[in-house]
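Undergrad: Let me give you the structure first, and then I'll get to my questions.
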Amino acid sequence: MNTHKKLADLAKTIRSKNAGTDKITFDIIFREKDTYEMVKRSKVLTPESVCRILNVDPARLTDFVEYDPAYAIKFTILRDRPSGSAGDGDIFGAQQYAPFLDVMVDISH
Amino acid sequence: MASLRIICPNGHLGFAPLKTGSFHLGVAAKPDFIAADSGSDDIGPVPLGNDSCASPRAWQEHDLEEMLLAARRLGVPMIIGSAGDTGTNSRVDMYVGIIRDIAARHGLPPFRLGWFYSEVDREYVRAKIRGGSAVQGLDARPDLTEDELDATQRIVAMAGVHPFMKLLEEGCEVIIGGRCSDSAIFAAAALSRGFPEAQSYYLGKVLECASFCAEPYGAKETVLGEITPEHVEVTAMAPEQRCTVASVAGHAMYERSNPFHEFVAGGKLDMTNCHYDQVADRTTRVTGMAFEPAAEFRVKLEGSGKVGERFVGMAGIRDPYTIAHVDEVIAWARRQAEERFGPEGWELHYSVFGRNGVMGDLEPLKDQPGHELCIVVQGIAPTPEMAEEVTMTGTRQLFYARLPDVKGTAGGVSFVLDEVMQASPAYRWTLNHTMAVDDPLELFPTHSAVIG
């Protein structure tokens, strides 16, 4: 039996967006409380793991919150340069979430 | 003051036109205010530095006309904040002019129009620094130095509720605001009618992005917010949308690093203990918000500094060997620019789409490029002529890159256009700071006039 599912198959919303000029914030939002609690228990999204997935120094992670009212896991990183600086490929920060779609979650417990 | 109702048709007026269907349904509900924010720092530092709009004037006029005609027909105030994307003085004047034109064109009966400015003179900021009042950096930035201030073209301060409330108290029925906190536009309306701070600021927070607090996803649709001394309710006006516990609670997170706190000039909205209830099919009620006044009145400043004139070039690659060595190709082109222009005084930026053009160093798959790449080249220099030549060198020399084992010796890249194109000058965000002020109104001079 398949005991793992992709985060994209479990979450309602997986998104990224600027939080001001110097940060990008990521929201992983679930439709049901049970799924949200299961993903929290699985520990696939932790301050350490999200930094590893995005290949950023942990010092760049400014916030990591499990936000129960919205069944959401939310984290924020400092950009390596402010939004819209020449060479920035994503002025709105809206296309930085893709690596989280394929995160595998153990759904067996 | 049993309750007060505000509709918001657009989370960034002008950036894309409001959807008229749900707006007209919102107007039919006879709200007490019609309000929208028109600005964002999402658009990058260019419009602020360049003092230009990110939005087409036709879209701005469309939304302002819809809102003005509805507000005057209902006889309720209309409030706009952060005029013209950036809220600079020229954008406020432009919106004031558009309002005058629409009023004249439709022969509207006289009304009082109010506006305020948000630009801050560099010398004012310099005096603060020299007077020992540090202009403190946000988001891990250091305190502002005079060098960084000197590199800044233009500064706007984020107004809170204060200039809006002053203009409402003066009887203004239409208000065009300079740069301000999104939530302040709506909070000012509620505070002016005596509602408590916590509920008022929450009302602003939930309405400021219009239908982004509803589901299914669909931007530019109108939402209606209702405030009482105890709670805030928000209702989607588009027939296909609902404001649900999930969509409203989820919106508290949007575009912010932390879902619990919203900082505005003068204090902090605390959403930690917010409680959400679905009270009707398309309506969610929120209770439990709190507001904590700030010990010191600090205003956020945004500043943009010019880096140089800018051109853009593009090139494609299909040869798998060249794709595998694209960094060497780019290094070759950069060396040619260095030989021509020396080591400093210009910049070349390469975005390699098909590899990591979108995510840069955050891209986990940068070792797995696609079978074809597009390289976007940005060249920056003090004059347009030099920027054009820098960009042309950085683009065309990709064609001549010398890779030892390449089979195709007639040209290393493909071109859609064998030219480089002038873009807006390059700017960077120089200020994301806060500055202490004695009077909440001192940075935001207000004006008003009777129109019609």
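We label chains A, B, ... in the order they appear in the structure tokens, count residues from 1 in each chain, and number ligands from 1 in the order shown.
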Taking only C-alpha atoms into account and nothing else, which residues of chain B lie no more than 7 Å away from chain A? Please answer as a PyMOL selection string.
TA: chain B and resi 41-45+139+246+249-250+255-258+349-351+357-359+362-364+426-429
Undergrad: Please report, as a list in words, each residue of range 373-403 of chain B to which DSSP assigns strand (DSSP E or B) when run on this structure's backbone.
TA: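 Restricting range 373-403 of chain B to strand (DSSP E or B) produces Leu373, Cys374, Ile375, Val376, Val377, Gln378, Gly379, Ile380 and Ala381 of chain B.
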Undergrad: Looking only at the backbone, which of the residues in chain A does DSSP tag as helix (DSSP H, G or I), as number ranges by chain?
TA: A: 7-10, 33-42, 47-54, 58-60, 68-70, 98-100
Undergrad: Quick one: everything within 10 Å of range 132-134 of chain B, counting only C-alpha atoms, minus sequence neighbours fewer than 4 positions away in the same chain. Send it as a list in words.
TA: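 The residues that qualify are Val125, Arg126, Ala127, Lys128, Asp143, Leu144, Thr145, His433, Thr434, Met435, Ala436 and Val437 of chain B.
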Undergrad: Output the selection as a compact mmCIF listing (two decimals), in the first residue's frame - N, CA and C atoms for each residue.
TA:
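Written output follows (result_24.txt):
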```
# COMPACT_ATOMS: atom_id res chain seq x y z
N VAL B 125 14.55 63.77 6.49
CA VAL B 125 15.06 62.50 7.03
C VAL B 125 16.49 62.70 7.53
N ARG B 126 17.27 63.47 6.78
CA ARG B 126 18.65 63.72 7.18
C ARG B 126 18.71 64.42 8.55
N ALA B 127 17.80 65.36 8.74
CA ALA B 127 17.78 66.09 10.01
C ALA B 127 17.47 65.14 11.17
N LYS B 128 16.61 64.16 10.93
CA LYS B 128 16.31 63.16 11.97
C LYS B 128 17.58 62.38 12.32
N ASP B 143 20.16 50.46 10.31
CA ASP B 143 19.63 51.82 10.36
C ASP B 143 20.10 52.59 9.12
N LEU B 144 19.30 53.57 8.73
CA LEU B 144 19.59 54.32 7.50
C LEU B 144 20.85 55.18 7.69
N THR B 145 21.73 55.14 6.69
CA THR B 145 22.90 56.00 6.68
C THR B 145 22.65 57.16 5.72
N HIS B 433 12.22 51.30 6.24
CA HIS B 433 12.65 51.76 7.56
C HIS B 433 11.47 52.39 8.30
N THR B 434 11.68 52.72 9.55
CA THR B 434 10.69 53.51 10.29
C THR B 434 11.37 54.72 10.90
N MET B 435 10.59 55.79 11.00
CA MET B 435 11.10 57.05 11.53
C MET B 435 10.13 57.56 12.60
N ALA B 436 10.67 58.05 13.70
CA ALA B 436 9.82 58.59 14.77
C ALA B 436 9.36 59.99 14.39
N VAL B 437 8.08 60.28 14.67
CA VAL B 437 7.56 61.65 14.47
C VAL B 437 6.77 62.06 15.71
```
Undergrad: Rounded to one decimal, what separation in Å do you get between CA of Arg141 in chain B and CA of Lys300 in chain B?
TA: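 Separation between CA of Arg141 in chain B and CA of Lys300 in chain B: 13.1 Å.
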Undergrad: Name the residues in contact with Arg112 in chain B at a cut-off of 10 Å, using only C-alpha atoms, excluding same-chain residues fewer than 2 positions from it; report them as a PyMOL selection string.
TA: chain B and resi 77+110+114+167-168+170-175+448-452
Undergrad: Excluding Gly288 in chain B and residues on its chain fewer than 4 positions from it, collect all residues at most 9 Å away from it, counting only C-alpha atoms, and give them as a PDB file with all heavy atoms, in the first residue's frame.
TA:
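Below you can see result_18.pdb, which holds the result:
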```
ATOM      1  N   ALA B 198      -9.776  48.045  17.621  1.00  0.00           N
ATOM      2  CA  ALA B 198      -9.479  46.656  17.229  1.00  0.00           C
ATOM      3  C   ALA B 198     -10.369  46.232  16.065  1.00  0.00           C
ATOM      4  O   ALA B 198      -9.886  45.719  15.049  1.00  0.00           O
ATOM      5  CB  ALA B 198      -9.674  45.724  18.421  1.00  0.00           C
ATOM      6  N   GLN B 199     -11.684  46.468  16.217  1.00  0.00           N
ATOM      7  CA  GLN B 199     -12.611  46.066  15.160  1.00  0.00           C
ATOM      8  C   GLN B 199     -12.369  46.894  13.891  1.00  0.00           C
ATOM      9  O   GLN B 199     -12.469  46.385  12.773  1.00  0.00           O
ATOM     10  CB  GLN B 199     -14.056  46.218  15.640  1.00  0.00           C
ATOM     11  CG  GLN B 199     -14.539  45.123  16.588  1.00  0.00           C
ATOM     12  CD  GLN B 199     -13.940  45.224  17.991  1.00  0.00           C
ATOM     13  OE1 GLN B 199     -13.332  46.238  18.343  1.00  0.00           O
ATOM     14  NE2 GLN B 199     -14.098  44.176  18.777  1.00  0.00           N
ATOM     15  N   GLU B 230     -18.660  44.969  18.517  1.00  0.00           N
ATOM     16  CA  GLU B 230     -18.186  43.664  18.970  1.00  0.00           C
ATOM     17  C   GLU B 230     -17.486  42.837  17.894  1.00  0.00           C
ATOM     18  O   GLU B 230     -16.605  42.044  18.208  1.00  0.00           O
ATOM     19  CB  GLU B 230     -19.360  42.815  19.507  1.00  0.00           C
ATOM     20  CG  GLU B 230     -19.935  43.287  20.826  1.00  0.00           C
ATOM     21  CD  GLU B 230     -20.854  44.485  20.655  1.00  0.00           C
ATOM     22  OE1 GLU B 230     -21.566  44.543  19.628  1.00  0.00           O
ATOM     23  OE2 GLU B 230     -20.829  45.394  21.513  1.00  0.00           O
ATOM     24  N   HIS B 231     -17.890  42.975  16.647  1.00  0.00           N
ATOM     25  CA  HIS B 231     -17.366  42.051  15.650  1.00  0.00           C
ATOM     26  C   HIS B 231     -17.256  42.703  14.267  1.00  0.00           C
ATOM     27  O   HIS B 231     -17.703  43.829  14.048  1.00  0.00           O
ATOM     28  CB  HIS B 231     -18.245  40.787  15.570  1.00  0.00           C
ATOM     29  CG  HIS B 231     -19.631  41.038  15.044  1.00  0.00           C
ATOM     30  ND1 HIS B 231     -20.758  40.805  15.783  1.00  0.00           N
ATOM     31  CD2 HIS B 231     -20.068  41.501  13.843  1.00  0.00           C
ATOM     32  CE1 HIS B 231     -21.824  41.119  15.065  1.00  0.00           C
ATOM     33  NE2 HIS B 231     -21.429  41.544  13.885  1.00  0.00           N
ATOM     34  N   MET B 271      -4.144  39.661  15.963  1.00  0.00           N
ATOM     35  CA  MET B 271      -5.174  38.708  15.505  1.00  0.00           C
ATOM     36  C   MET B 271      -4.977  37.331  16.133  1.00  0.00           C
ATOM     37  O   MET B 271      -5.587  36.353  15.707  1.00  0.00           O
ATOM     38  CB  MET B 271      -5.128  38.625  13.970  1.00  0.00           C
ATOM     39  CG  MET B 271      -5.482  39.953  13.300  1.00  0.00           C
ATOM     40  SD  MET B 271      -5.399  39.886  11.492  1.00  0.00           S
ATOM     41  CE  MET B 271      -3.648  40.204  11.207  1.00  0.00           C
ATOM     42  N   THR B 272      -4.123  37.263  17.166  1.00  0.00           N
ATOM     43  CA  THR B 272      -3.780  35.967  17.763  1.00  0.00           C
ATOM     44  C   THR B 272      -5.016  35.223  18.250  1.00  0.00           C
ATOM     45  O   THR B 272      -5.140  34.011  18.076  1.00  0.00           O
ATOM     46  CB  THR B 272      -2.817  36.173  18.953  1.00  0.00           C
ATOM     47  OG1 THR B 272      -1.723  36.978  18.522  1.00  0.00           O
ATOM     48  CG2 THR B 272      -2.299  34.844  19.463  1.00  0.00           C
ATOM     49  N   ASN B 273      -5.944  35.954  18.859  1.00  0.00           N
ATOM     50  CA  ASN B 273      -7.111  35.288  19.459  1.00  0.00           C
ATOM     51  C   ASN B 273      -8.387  35.488  18.646  1.00  0.00           C
ATOM     52  O   ASN B 273      -9.487  35.399  19.177  1.00  0.00           O
ATOM     53  CB  ASN B 273      -7.309  35.786  20.895  1.00  0.00           C
ATOM     54  CG  ASN B 273      -6.131  35.394  21.774  1.00  0.00           C
ATOM     55  OD1 ASN B 273      -5.684  34.243  21.751  1.00  0.00           O
ATOM     56  ND2 ASN B 273      -5.583  36.352  22.505  1.00  0.00           N
ATOM     57  N   CYS B 274      -8.204  35.743  17.352  1.00  0.00           N
ATOM     58  CA  CYS B 274      -9.382  35.901  16.498  1.00  0.00           C
ATOM     59  C   CYS B 274     -10.164  34.592  16.431  1.00  0.00           C
ATOM     60  O   CYS B 274      -9.601  33.502  16.367  1.00  0.00           O
ATOM     61  CB  CYS B 274      -8.973  36.315  15.083  1.00  0.00           C
ATOM     62  SG  CYS B 274      -8.751  38.085  14.913  1.00  0.00           S
ATOM     63  N   HIS B 275     -11.501  34.751  16.407  1.00  0.00           N
ATOM     64  CA  HIS B 275     -12.378  33.592  16.282  1.00  0.00           C
ATOM     65  C   HIS B 275     -13.286  33.806  15.074  1.00  0.00           C
ATOM     66  O   HIS B 275     -13.804  34.904  14.877  1.00  0.00           O
ATOM     67  CB  HIS B 275     -13.196  33.427  17.557  1.00  0.00           C
ATOM     68  CG  HIS B 275     -14.045  32.193  17.530  1.00  0.00           C
ATOM     69  ND1 HIS B 275     -13.532  30.932  17.738  1.00  0.00           N
ATOM     70  CD2 HIS B 275     -15.360  32.038  17.275  1.00  0.00           C
ATOM     71  CE1 HIS B 275     -14.507  30.047  17.616  1.00  0.00           C
ATOM     72  NE2 HIS B 275     -15.630  30.695  17.334  1.00  0.00           N
ATOM     73  N   TYR B 276     -13.437  32.768  14.285  1.00  0.00           N
ATOM     74  CA  TYR B 276     -14.163  32.880  13.017  1.00  0.00           C
ATOM     75  C   TYR B 276     -15.407  32.000  13.043  1.00  0.00           C
ATOM     76  O   TYR B 276     -15.328  30.822  13.428  1.00  0.00           O
ATOM     77  CB  TYR B 276     -13.252  32.458  11.855  1.00  0.00           C
ATOM     78  CG  TYR B 276     -11.956  33.242  11.782  1.00  0.00           C
ATOM     79  CD1 TYR B 276     -10.848  32.883  12.555  1.00  0.00           C
ATOM     80  CD2 TYR B 276     -11.840  34.353  10.961  1.00  0.00           C
ATOM     81  CE1 TYR B 276      -9.669  33.612  12.506  1.00  0.00           C
ATOM     82  CE2 TYR B 276     -10.659  35.081  10.896  1.00  0.00           C
ATOM     83  CZ  TYR B 276      -9.575  34.704  11.671  1.00  0.00           C
ATOM     84  OH  TYR B 276      -8.421  35.421  11.617  1.00  0.00           O
TER      85      TYR B 276
END
```
Undergrad: How far is it from CA of Ile99 in chain B to CA of Ile155 in chain B, in Å with one decimal?
TA: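 Result for CA of Ile99 in chain B versus CA of Ile155 in chain B: 25.0 Å, one decimal.
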Undergrad: Tell me, as number ranges by chain, which residues lie within 8 Å of Thr283 in chain B, counting only C-alpha atoms; anything in the same chain fewer than 2 positions away does not count.
TA: B: 233-236, 242-244, 278-281, 285
Undergrad: Go ahead and dump the residues you just picked, N, CA and C atoms, as a compact mmCIF listing (two decimals), in the first residue's frame.
TA:
```
# COMPACT_ATOMS: atom_id res chain seq x y z
N GLU B 233 -18.05 41.45 10.19
CA GLU B 233 -18.56 40.42 9.28
C GLU B 233 -18.16 40.79 7.86
N VAL B 234 -17.83 39.78 7.09
CA VAL B 234 -17.44 40.05 5.71
C VAL B 234 -18.21 39.11 4.79
N THR B 235 -18.74 39.69 3.70
CA THR B 235 -19.63 38.96 2.79
C THR B 235 -19.15 39.14 1.36
N ALA B 236 -19.07 38.05 0.63
CA ALA B 236 -18.71 38.13 -0.79
C ALA B 236 -19.92 38.61 -1.59
N ARG B 242 -17.82 32.97 -1.78
CA ARG B 242 -18.26 32.96 -0.40
C ARG B 242 -17.10 33.41 0.47
N CYS B 243 -17.40 34.10 1.55
CA CYS B 243 -16.41 34.34 2.58
C CYS B 243 -16.59 33.26 3.62
N THR B 244 -15.64 32.34 3.68
CA THR B 244 -15.73 31.21 4.60
C THR B 244 -14.74 31.40 5.74
N GLN B 278 -18.94 30.96 10.64
CA GLN B 278 -19.75 31.09 9.43
C GLN B 278 -21.17 31.41 9.87
N VAL B 279 -21.62 32.66 9.65
CA VAL B 279 -22.93 33.05 10.16
C VAL B 279 -24.00 33.06 9.06
N ALA B 280 -23.58 33.00 7.81
CA ALA B 280 -24.51 32.87 6.70
C ALA B 280 -23.73 32.22 5.57
N ASP B 281 -24.42 31.85 4.51
CA ASP B 281 -23.77 31.07 3.47
C ASP B 281 -22.52 31.76 2.93
N ARG B 285 -18.13 35.81 10.37
CA ARG B 285 -18.01 36.79 11.44
C ARG B 285 -16.70 36.55 12.19
```
Undergrad: Between CA of Met289 in chain B and CA of Pro440 in chain B, measure the distance and give it in Å to one decimal.
TA: 23.5 Å
Undergrad: Contacts of range 18-22 of chain B at 7 Å or less, counting only C-alpha atoms, minus same-chain residues fewer than 2 places along, as a VMD selection string?
TA: chain B and resid 9 to 10 16 24 to 26 63 220 to 222 237 to 238
